[in-house]
Every structure is written in C-alpha cells, then in structure tokens.
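Trainee: Just dropping this structure here.
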Amino acid sequence: MIQTFFNIEIIAAAWPIVLSGLLNTILLSLIVVPLGLFGGLILALLASVKNPLVRWPLMAWVDFFRAFPPLVLLILLFAGLPFAGLELGGFACVAIAFFLNTGAYYGEIFRAGIDSVPAGQVEAGRSTGLSRLQAMGYIVLPQAVRNVLPDLLSNTLEVVKLTSLGSVVAVPELLYQARQAQSLTYNPTPIVVAAIIYFLMLWPLVRLLSRLENRALAGRR
Amino acid sequence: MTKPIVDARAIHKHFGALHVLKGVDLRVAERELVFVIGPSGSGKSTLLRCLNRLEEPSSGSIVVDGIDMLDPRTDINHARQRIGMVFQSFNLYPHMTALGNVTLALRKVAGKSRAEADRLGHAALERVGLADRAEHTPGQLSGGQQQRVAIARSIALEPRVMLFDEPTSALDPELVGSVLEVMRSLRESGMTMIVVSHEMGFARNAADRVVFMDDGLIVEQGPPAAIFETPTHERTRAFIGQIQRH
C-alpha cells in the first residue's frame with residue numbers, strides 16, 4: 001500500500017517536477033489573485049455609481065461571469081480564440097479567465113463591504129470637503145475591506161485551489177506536473193504528494209480564516 | 001439685519017412625491033445662534049442638510065458667506081470647508097484615531113502637511129477638552145467624547161458657519177452637558193451656529209433666535225423668550241406645550 005501511494009523512491013525521482021509545479025502554482029496565484037482583486041475593486045467602484053447606464057451593464061457582466069463555469073470559460077479561451085486568430089497560450093488564458101471569473105466574485109464581496117459602511121460616514125467626510133473619490137478611498141474602502149476580510153480570504157482560498165484548472169490547458173502548475181510525474185513513473189505517489197502540498201499550503205489560510213470569522217462573530221455580539 | 005452670512009430663499013425639497021420643504025426662507029447674521037425646532041418630519045434636518053448641499057434642494061437659492069451654493073460652477077468641496085456639520089450619530093471614522101478624524105480633511109482638503117495638520121488637530125481637540133484623547137479610537141470614547149471629537153473635526157477647518165443636526169439626541173442624559181458646554185464656548189468665540197435640537201434649556205439661554213418649523217414651513221420665529229412664553233401661532237403653542245410637559 002505504502003509502496004503504491006507513498007513510494008519514497010518515486011517521491012525522490014518526481015520531486016524536481018512536482019517542485020517546479022508548486023512554484024508555478026504560487027506564481028499563478030500571485031498573478032491571478034491580485035488581478036481578480038483589482039478587477040473586483042473596479043467593478044465594485046463602478047457599482048457605487050448610481051447611474052443606471054453604468055449599473056445595468058455591470059450587473060449583467062457580473063451575473064454572466066458568476067454563472068459561467070470557469071473551466072468552460074478557460075477551455076473556450078484556450079481552444080476558441082485561436083480560431084479568431086488569437087493564440088494566447090495557457091498561462092495568459094488562465095489569467096484572463098480568472099480575471100473575468102474571480103473578478104466578478106471579488107467584485108460582489110467588495111460591493112457588499114462598501115454597502116456595509118453607513119451612509120453617514122460618507123456624509124461626514126463630504127461635509128468637511130472631501131471629494132466623492134477621497135471619501136471612498138480614505139473612509140469607505142478601509143472599513144469595507146475590514147468588514148469583508150473573511151469573505152475576501154475565503155474567496156482567495158477558492159482561487160488558489162482553482163489554479164489547478166490550469167492543468168487542463170497545459171499550464172505546468174502543481175497538478176499538471178504531478179500528473180506528468182505520475183505518467184512517467186506509472187505510480188500515483190506524485191498525485192498524493194501534490195495533494196499534501198496543496199493541504200500544507202492552504203491549511204494555514206484556512207486556520208487564519210476561522211480566526212477571522214470567530215473574531216467577526218465576537219465583534220458582532 | 002446686516003448682510004447675512006447664510007441666506008437661503010424659497011427652498012423647496014421634494015423626495016419623490018413627498019414635499020418636505022415648501023418654500024423656506026432663512027437668513028442668519030454673522031455670530032448669530034439660531035435654534036430650529038419643530039416636530040419630527042417638519043423638515044428641519046432636511047433644511048440644515050440643504051445648506052451644505054448634502055441634500056440637493058429642488059429649487060430656491062442658498063448663499064453662504066458670499067458663495068452661491070447652488071451654482072454648478074461653485075467648487076462644492078471648497079465651499080463645504082467653510083460650513084462645519086455635526087451629526088446626531090457623530091459619524092466618526094471608526095478606523096482612525098481621534099486625531100486622525102480631525103486631521104483627514106486638513107491634510108486632504110486644506111492641503112496642510114502632516115505636521116501642520118497634527119498641530120491644528122491637537123489644538124482643535126484641546127478646544128473641546130480632549131487633548132489627552134488624541135490617540136484613542138472612537139470605540140474607546142464615550143458618546144459625549146465622540147461628539148466632541150466630531151465638533152473638533154469641524155472647527156479644525158475654521159468654518160464660518162456650524163450646522164448642528166440634533167447633536168445631543170443620541171447621547172445618554174449625563175453626557176449631554178459636556179457637548180452643550182463645548183457649543184456654548186464656540187458661541188462665545190463668535191461662531192455662527194444653526195442648531196436643530198430639542199435642548200430647550202440651552203435654547204433659552206444661548207440662542208439669539210428660535211425658528212419653529214412645521215410641515216415644511218417656518219411657522220414663526222423670534223427671540224427664545226417670545227417663542228417659548230408667548231407663541232402667537234396655535235401650532236407653535238401646541239408643540240411648545242408638548243415638549244415642556246416632558
């Protein structure tokens with residue numbers, strides 16, 4: 001059993017491949033998480049504009065990309081765009097798909113955060129002469145982010161897990177590399193190693209998340 | 001009246017089908033303390049919020065310290081620095097210290113350096129008796145202290161007029177006195193003040209004029225003694241009678 005699923009020799013042989021996958025997963029996360037946060041923030045700021053000409057297309061955009069399965073989106077970009085003469089490569093496709101998908105999710109979280117800040121906060125700022133944008137930046141956003149920090153972190157966890165979708169379009173991230181190693185060694189051990197690495201990488205975030213959630217609950221009492 | 005510092009004429013305000021202000025004229029002289037009283041829903045808070053354009057009046061004209069507040073060419077952010085506002089629920093920024101609350105607009109609107117803003121901020125906090133609370137966050141302060149920080153946040157910008165929207169209504173009775181004390185000292189320093197409040201004792205001995213509003217109109221106005229003791233309108237009499245029974 002251990003020879004099959006946790007074979008030390010195979011770990012040693014597969015380690016360089018798996019390690020390069022881990023580095024790519026980290027790199028991918030460091031690209032798609034800030035990209036999604038940035039996209040979400042833009043969406044949320046646009047949503048705070050009350051003009052229906054901005055609001056309606058925005059709601060449609062967010063709804064569309066939240067309803068669209070990210071895997072389908074990714075394959076569509078990867079396999080579909082070349083027919084339009086645009087060959088982007090797996091990495092860029094993952095970045096774009098995540099920007100669209102997770103940006104919509106982050107956007108909803110930021111929007112909820114912004115809505116959670118009482119209107120009186122903005123009024124106080126504007127009454128001292130702050131512009132709309134200054135009131136947003138100095139008064140609303142800091143409170144909004146603090147209010148939805150657990151949700152932002154929770155979504156970030158999902159995003160890091162979702163980077164494994166990159167394996168479908170041959171991005172050499174952790175899962176893809178583990179599968180490569182598995183097919184080279186005819187042994188499932190590399191997949192087990194990848195699973196353990198995912199767990200070790202994400203578990204501290206999960207712990208942090210529960211602490212934040214508990215603190216938020218305590219704060220509400 | 002010499003040239004008024006606040007000159008609001010024929011102010012109308014509609015909220016959808018609701019006609020909240022039905023042509024209000026209010027002129028306030030420099031250094032005057034005007035009290036606005038009236039039943040809830042009479043439009044007194046809305047009137048106050050129109051003066052610095054937190055609410056957009058449906059029609060009318062508002063000139064504050066020579067600035068046409070409703071002219072689209074007016075830099076409203078610049079104009080608002082001259083009009084301090086204190087809210088019923090304080091509206092302090094909970095993520096900043098008392099000093100941070102006071103210095104934000106000094107730095108970002110008035111363009112002061114951090115050192116200069118801190119100096120002015122400390123001076124403002126000193127004026128409201130909270131020099132030793134500069135590094136406290138709102139959550140660490142009592143309601144009365146929070147409202148005094150809110151007053152400091154306004155006066156730090158050296159406004160020409162201060163608007164108070166029920167400044168003591170959210171306070172426990174034992175904390176009201178400290179806020180009124182600060183308002184009294186502001187008055188003594190010559191600040192022009194428009195106060196929406198039901199603190200009748202304060203109105204009696206500090207106000208120059210009491211304005212009674214009902215149903216979106218100013219019903220009657222005059223010196224406190226006249227309004228409280230010999231009101232001429234039936235509605236004023238009824239309202240004064242009601243609040244004095246409490």
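Naming scheme: A, B, ... for chains in displayed order of the structure tokens; residues 1 onward per chain; ligands 1 onward as shown.
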Kindly provide the residues of chain B that approach chain A to within 6 Å, each paired with its closest atom pair and their distance in Å to one decimal, based on only C-alpha atoms, listed by chain and increasing number, as CSV.
Mentor:
residue,atom,partner,partner_atom,distance
B:Asn77,CA,A:Gly129,CA,4.1
B:His78,CA,A:Gly129,CA,6.0
B:Arg80,CA,A:Gly129,CA,5.0
B:Gln81,CA,A:Gly129,CA,5.2
B:Asn91,CA,A:Gln121,CA,5.4
Trainee: Give one line per residue of range 74-191 of chain B that approaches range 22-33 of chain B to at most 9 Å, naming the two atoms of the closest pair and their distance in Å to one decimal, counting only C-alpha atoms; sort by chain then ascending residue number and deliver it as a tab-separated table.
Mentor:
residue	atom	partner	partner_atom	distance
B:Arg160	CA	B:Glu30	CA	8.5
B:Val161	CA	B:Glu30	CA	8.4
B:Arg187	CA	B:Leu33	CA	7.3
B:Ser189	CA	B:Arg31	CA	8.8
B:Gly190	CA	B:Arg31	CA	5.0
B:Met191	CA	B:Arg31	CA	5.3
Trainee: Need to verify the contact set: range 63-76 of chain A, 7 Å, only C-alpha atoms, exclusion of same-chain residues closer than 4 positions in sequence. Can you return it as a ChimeraX atom specification?
Mentor: /A:59,80,93-94,97,100-101,104-105,165
Trainee: For Ala8 in chain B, which residue among B:Asp132, B:Asp65, B:Glu229, B:Glu126 is the nearest when counting only C-alpha atoms?
Mentor: B:Asp65
Trainee: Do a neighbour search on Val64 in chain B at 9 Å with only C-alpha atoms, toss out local chain neighbours closer than 5 positions, and write the hits as a list of chain:residue names.
Mentor: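 Listing them by chain and then by number gives B:Pro4, B:Ile5, B:Val6, B:Asp7, B:Ala8, B:Leu51, B:Asn52, B:Met69, B:Ala79, B:Arg82, B:Ile83, B:Arg160, B:Val161.
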Trainee: Quick one: write out the picked residues with all heavy atoms as a short mmCIF file (atom, residue, chain, number, x, y, z; two decimals), in the first residue's frame?
Mentor:
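File written: part28.cif
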data_model
loop_
_atom_site.label_atom_id
_atom_site.label_comp_id
_atom_site.auth_asym_id
_atom_site.auth_seq_id
_atom_site.Cartn_x
_atom_site.Cartn_y
_atom_site.Cartn_z
N PRO B 4 -26.47 89.04 5.70
CA PRO B 4 -26.47 87.73 6.37
C PRO B 4 -25.33 86.84 5.86
O PRO B 4 -24.94 86.94 4.69
CB PRO B 4 -27.83 87.14 6.01
CG PRO B 4 -28.23 87.83 4.77
CD PRO B 4 -27.62 89.20 4.80
N ILE B 5 -24.82 85.99 6.73
CA ILE B 5 -23.77 85.06 6.30
C ILE B 5 -24.39 83.82 5.66
O ILE B 5 -23.80 83.18 4.80
CB ILE B 5 -22.83 84.71 7.48
CG1 ILE B 5 -21.61 83.95 6.97
CG2 ILE B 5 -23.54 83.93 8.55
CD1 ILE B 5 -20.50 83.88 7.98
N VAL B 6 -25.61 83.48 6.13
CA VAL B 6 -26.37 82.42 5.47
C VAL B 6 -27.65 83.05 4.94
O VAL B 6 -28.38 83.70 5.69
CB VAL B 6 -26.73 81.28 6.46
CG1 VAL B 6 -27.67 80.27 5.78
CG2 VAL B 6 -25.49 80.60 6.97
N ASP B 7 -27.88 82.90 3.65
CA ASP B 7 -29.05 83.50 3.03
C ASP B 7 -29.72 82.46 2.14
O ASP B 7 -29.31 82.24 1.01
CB ASP B 7 -28.63 84.74 2.22
CG ASP B 7 -29.83 85.57 1.79
OD1 ASP B 7 -30.97 85.05 1.89
OD2 ASP B 7 -29.63 86.72 1.36
N ALA B 8 -30.73 81.81 2.70
CA ALA B 8 -31.45 80.77 1.96
C ALA B 8 -32.84 81.30 1.62
O ALA B 8 -33.52 81.83 2.50
CB ALA B 8 -31.55 79.49 2.78
N LEU B 51 -28.38 73.25 3.33
CA LEU B 51 -27.49 74.42 3.41
C LEU B 51 -26.08 74.09 2.95
O LEU B 51 -25.40 74.92 2.37
CB LEU B 51 -27.48 74.99 4.84
CG LEU B 51 -28.80 75.57 5.33
CD1 LEU B 51 -28.66 76.09 6.76
CD2 LEU B 51 -29.29 76.69 4.40
N ASN B 52 -25.58 72.87 3.22
CA ASN B 52 -24.26 72.50 2.70
C ASN B 52 -24.38 71.50 1.54
O ASN B 52 -23.42 70.85 1.16
CB ASN B 52 -23.35 71.95 3.81
CG ASN B 52 -23.83 70.63 4.37
OD1 ASN B 52 -24.93 70.18 4.05
ND2 ASN B 52 -23.01 69.99 5.19
N MET B 69 -24.21 78.50 -3.25
CA MET B 69 -24.04 77.05 -3.06
C MET B 69 -24.67 76.23 -4.19
O MET B 69 -24.30 75.07 -4.40
CB MET B 69 -24.66 76.61 -1.74
CG MET B 69 -24.00 77.21 -0.51
SD MET B 69 -22.28 76.70 -0.31
CE MET B 69 -22.48 74.99 0.17
N ALA B 79 -16.30 74.95 -0.85
CA ALA B 79 -17.31 75.69 -0.08
C ALA B 79 -17.63 74.97 1.23
O ALA B 79 -17.86 75.60 2.27
CB ALA B 79 -18.57 75.85 -0.91
N ARG B 82 -16.02 75.61 4.66
CA ARG B 82 -16.41 76.78 5.44
C ARG B 82 -17.67 76.52 6.24
O ARG B 82 -18.14 77.40 6.95
CB ARG B 82 -16.67 77.95 4.50
CG ARG B 82 -15.48 78.38 3.73
CD ARG B 82 -15.93 79.01 2.42
NE ARG B 82 -14.83 79.72 1.81
CZ ARG B 82 -14.68 81.04 1.88
NH1 ARG B 82 -15.56 81.78 2.48
NH2 ARG B 82 -13.63 81.61 1.33
N ILE B 83 -18.27 75.35 6.05
CA ILE B 83 -19.53 75.04 6.72
C ILE B 83 -19.34 73.75 7.51
O ILE B 83 -19.34 72.66 6.94
CB ILE B 83 -20.67 74.86 5.70
CG1 ILE B 83 -20.70 76.04 4.72
CG2 ILE B 83 -22.00 74.71 6.41
CD1 ILE B 83 -21.67 75.85 3.57
N ARG B 160 -16.90 79.10 8.75
CA ARG B 160 -17.56 80.39 9.02
C ARG B 160 -18.92 80.16 9.67
O ARG B 160 -19.45 81.05 10.31
CB ARG B 160 -17.73 81.14 7.70
CG ARG B 160 -16.43 81.38 6.97
CD ARG B 160 -15.69 82.58 7.54
NE ARG B 160 -16.31 83.82 7.10
CZ ARG B 160 -16.69 84.79 7.93
NH1 ARG B 160 -16.53 84.65 9.22
NH2 ARG B 160 -17.24 85.88 7.47
N VAL B 161 -19.46 78.96 9.45
CA VAL B 161 -20.77 78.62 9.99
C VAL B 161 -20.71 77.17 10.47
O VAL B 161 -20.04 76.35 9.88
CB VAL B 161 -21.87 78.70 8.90
CG1 VAL B 161 -23.24 78.41 9.49
CG2 VAL B 161 -21.85 80.02 8.19
#
Trainee: One decimal, Å: what's the distance from CA of Ile109 in chain A over to CA of Asp151 in chain A, could you say?
Mentor: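 Straight-line distance from CA of Ile109 in chain A to CA of Asp151 in chain A works out to 6.8 Å.
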Trainee: Counting only C-alpha atoms, what is within 12 Å of Thr232 in chain B, bar same-chain residues fewer than 5 positions away, as a VMD selection string?
Mentor: chain B and resid 212 219 to 222 226 to 227 237 to 238 240
Trainee: Write down as a PyMOL selection string the residues belonging to range 8-246 of chain B that are assigned alpha helix (DSSP H) by DSSP computed on the backbone.
Mentor: chain B and resi 44-51+76-80+98-108+114-127+143-155+173-188+200-206+224-229+234-245
Trainee: Write out as number ranges by chain all residues of range 17-171 of chain B that backbone DSSP assigns to strand (DSSP E or B).
Mentor: B: 18-28, 33-37, 59-64, 67-68, 83-86, 161-165
Trainee: Okay, now the selection with N, CA, C and O atoms, as a tab-separated table (two decimals), in the first residue's frame?
Mentor:
chain	number	residue	atom	x	y	z
B	18	LEU	N	-43.08	63.20	-1.94
B	18	LEU	CA	-43.12	63.88	-0.65
B	18	LEU	C	-42.56	65.30	-0.76
B	18	LEU	O	-41.42	65.50	-1.20
B	19	HIS	N	-43.35	66.29	-0.37
B	19	HIS	CA	-42.91	67.68	-0.42
B	19	HIS	C	-42.43	68.07	0.98
B	19	HIS	O	-43.24	68.38	1.85
B	20	VAL	N	-41.13	68.02	1.20
B	20	VAL	CA	-40.60	68.14	2.56
B	20	VAL	C	-40.37	69.59	2.96
B	20	VAL	O	-40.62	69.98	4.09
B	21	LEU	N	-39.86	70.38	2.03
B	21	LEU	CA	-39.68	71.82	2.29
B	21	LEU	C	-40.52	72.58	1.27
B	21	LEU	O	-40.43	72.33	0.07
B	22	LYS	N	-41.34	73.52	1.78
B	22	LYS	CA	-42.34	74.14	0.90
B	22	LYS	C	-42.10	75.64	0.76
B	22	LYS	O	-43.01	76.43	0.89
B	23	GLY	N	-40.84	75.99	0.54
B	23	GLY	CA	-40.55	77.41	0.36
B	23	GLY	C	-40.09	78.04	1.66
B	23	GLY	O	-40.80	78.84	2.26
B	24	VAL	N	-38.90	77.66	2.10
B	24	VAL	CA	-38.37	78.14	3.37
B	24	VAL	C	-37.37	79.26	3.12
B	24	VAL	O	-36.50	79.16	2.25
B	25	ASP	N	-37.51	80.36	3.86
B	25	ASP	CA	-36.52	81.44	3.84
B	25	ASP	C	-35.81	81.45	5.18
B	25	ASP	O	-36.47	81.45	6.22
B	26	LEU	N	-34.50	81.45	5.14
B	26	LEU	CA	-33.76	81.53	6.40
B	26	LEU	C	-32.54	82.41	6.18
B	26	LEU	O	-31.69	82.12	5.33
B	27	ARG	N	-32.46	83.49	6.95
B	27	ARG	CA	-31.29	84.34	6.90
B	27	ARG	C	-30.65	84.35	8.28
B	27	ARG	O	-31.36	84.48	9.29
B	28	VAL	N	-29.36	84.17	8.33
B	28	VAL	CA	-28.66	84.13	9.61
B	28	VAL	C	-27.52	85.13	9.57
B	28	VAL	O	-26.74	85.16	8.62
B	33	LEU	N	-26.72	82.77	16.80
B	33	LEU	CA	-27.03	81.36	17.08
B	33	LEU	C	-28.54	81.18	16.89
B	33	LEU	O	-29.33	81.74	17.63
B	34	VAL	N	-28.86	80.42	15.87
B	34	VAL	CA	-30.27	80.20	15.55
B	34	VAL	C	-30.64	78.77	15.90
B	34	VAL	O	-29.94	77.83	15.52
B	35	PHE	N	-31.71	78.62	16.65
B	35	PHE	CA	-32.22	77.31	17.01
B	35	PHE	C	-33.39	76.98	16.11
B	35	PHE	O	-34.28	77.82	15.92
B	36	VAL	N	-33.39	75.78	15.54
B	36	VAL	CA	-34.53	75.36	14.73
B	36	VAL	C	-35.23	74.23	15.46
B	36	VAL	O	-34.61	73.20	15.76
B	37	ILE	N	-36.50	74.45	15.79
B	37	ILE	CA	-37.26	73.41	16.48
B	37	ILE	C	-38.49	73.06	15.65
B	37	ILE	O	-38.84	73.78	14.71
B	59	SER	N	-35.56	73.47	-5.51
B	59	SER	CA	-35.47	74.82	-6.06
B	59	SER	C	-35.16	75.79	-4.93
B	59	SER	O	-35.26	75.44	-3.76
B	60	GLY	N	-34.83	77.03	-5.29
B	60	GLY	CA	-34.50	78.03	-4.30
B	60	GLY	C	-33.07	78.51	-4.49
B	60	GLY	O	-32.40	78.12	-5.45
B	61	SER	N	-32.63	79.37	-3.59
B	61	SER	CA	-31.25	79.84	-3.68
B	61	SER	C	-30.61	79.81	-2.29
B	61	SER	O	-31.28	80.04	-1.29
B	62	ILE	N	-29.33	79.47	-2.25
B	62	ILE	CA	-28.60	79.42	-0.98
B	62	ILE	C	-27.26	80.10	-1.18
B	62	ILE	O	-26.47	79.70	-2.05
B	63	VAL	N	-27.01	81.14	-0.40
B	63	VAL	CA	-25.71	81.80	-0.44
B	63	VAL	C	-25.12	81.72	0.97
B	63	VAL	O	-25.77	82.10	1.94
B	64	VAL	N	-23.94	81.15	1.09
B	64	VAL	CA	-23.28	81.06	2.38
B	64	VAL	C	-21.93	81.78	2.28
B	64	VAL	O	-21.10	81.43	1.44
B	67	ILE	N	-20.86	82.73	-1.09
B	67	ILE	CA	-20.73	81.70	-2.13
B	67	ILE	C	-22.11	81.17	-2.50
B	67	ILE	O	-22.87	80.74	-1.62
B	68	ASP	N	-22.41	81.19	-3.78
B	68	ASP	CA	-23.68	80.64	-4.25
B	68	ASP	C	-23.57	79.11	-4.25
B	68	ASP	O	-22.94	78.52	-5.11
B	83	ILE	N	-18.27	75.35	6.05
B	83	ILE	CA	-19.53	75.04	6.72
B	83	ILE	C	-19.34	73.75	7.51
B	83	ILE	O	-19.34	72.66	6.94
B	84	GLY	N	-19.15	73.88	8.80
B	84	GLY	CA	-18.97	72.68	9.61
B	84	GLY	C	-20.30	72.01	9.84
B	84	GLY	O	-21.34	72.66	9.88
B	85	MET	N	-20.28	70.67	9.99
B	85	MET	CA	-21.53	69.99	10.30
B	85	MET	C	-21.30	68.91	11.35
B	85	MET	O	-20.36	68.14	11.26
B	86	VAL	N	-22.22	68.89	12.31
B	86	VAL	CA	-22.16	67.90	13.38
B	86	VAL	C	-23.45	67.09	13.32
B	86	VAL	O	-24.54	67.65	13.22
B	161	VAL	N	-19.46	78.96	9.45
B	161	VAL	CA	-20.77	78.62	9.99
B	161	VAL	C	-20.71	77.17	10.47
B	161	VAL	O	-20.04	76.35	9.88
B	162	MET	N	-21.42	76.88	11.56
B	162	MET	CA	-21.51	75.49	12.02
B	162	MET	C	-22.98	75.07	12.03
B	162	MET	O	-23.84	75.77	12.55
B	163	LEU	N	-23.22	73.88	11.47
B	163	LEU	CA	-24.56	73.31	11.48
B	163	LEU	C	-24.58	72.14	12.46
B	163	LEU	O	-23.71	71.28	12.40
B	164	PHE	N	-25.55	72.13	13.35
B	164	PHE	CA	-25.68	71.03	14.31
B	164	PHE	C	-27.01	70.33	14.07
B	164	PHE	O	-28.06	70.93	14.21
B	165	ASP	N	-26.95	69.04	13.72
B	165	ASP	CA	-28.17	68.29	13.46
B	165	ASP	C	-28.46	67.35	14.64
B	165	ASP	O	-27.93	66.26	14.70
Trainee: One decimal, Å: what's the distance from CA of Phe83 in chain A over to CA of Val171 in chain A, could you say?
Mentor: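 Separation between CA of Phe83 in chain A and CA of Val171 in chain A: 20.1 Å.
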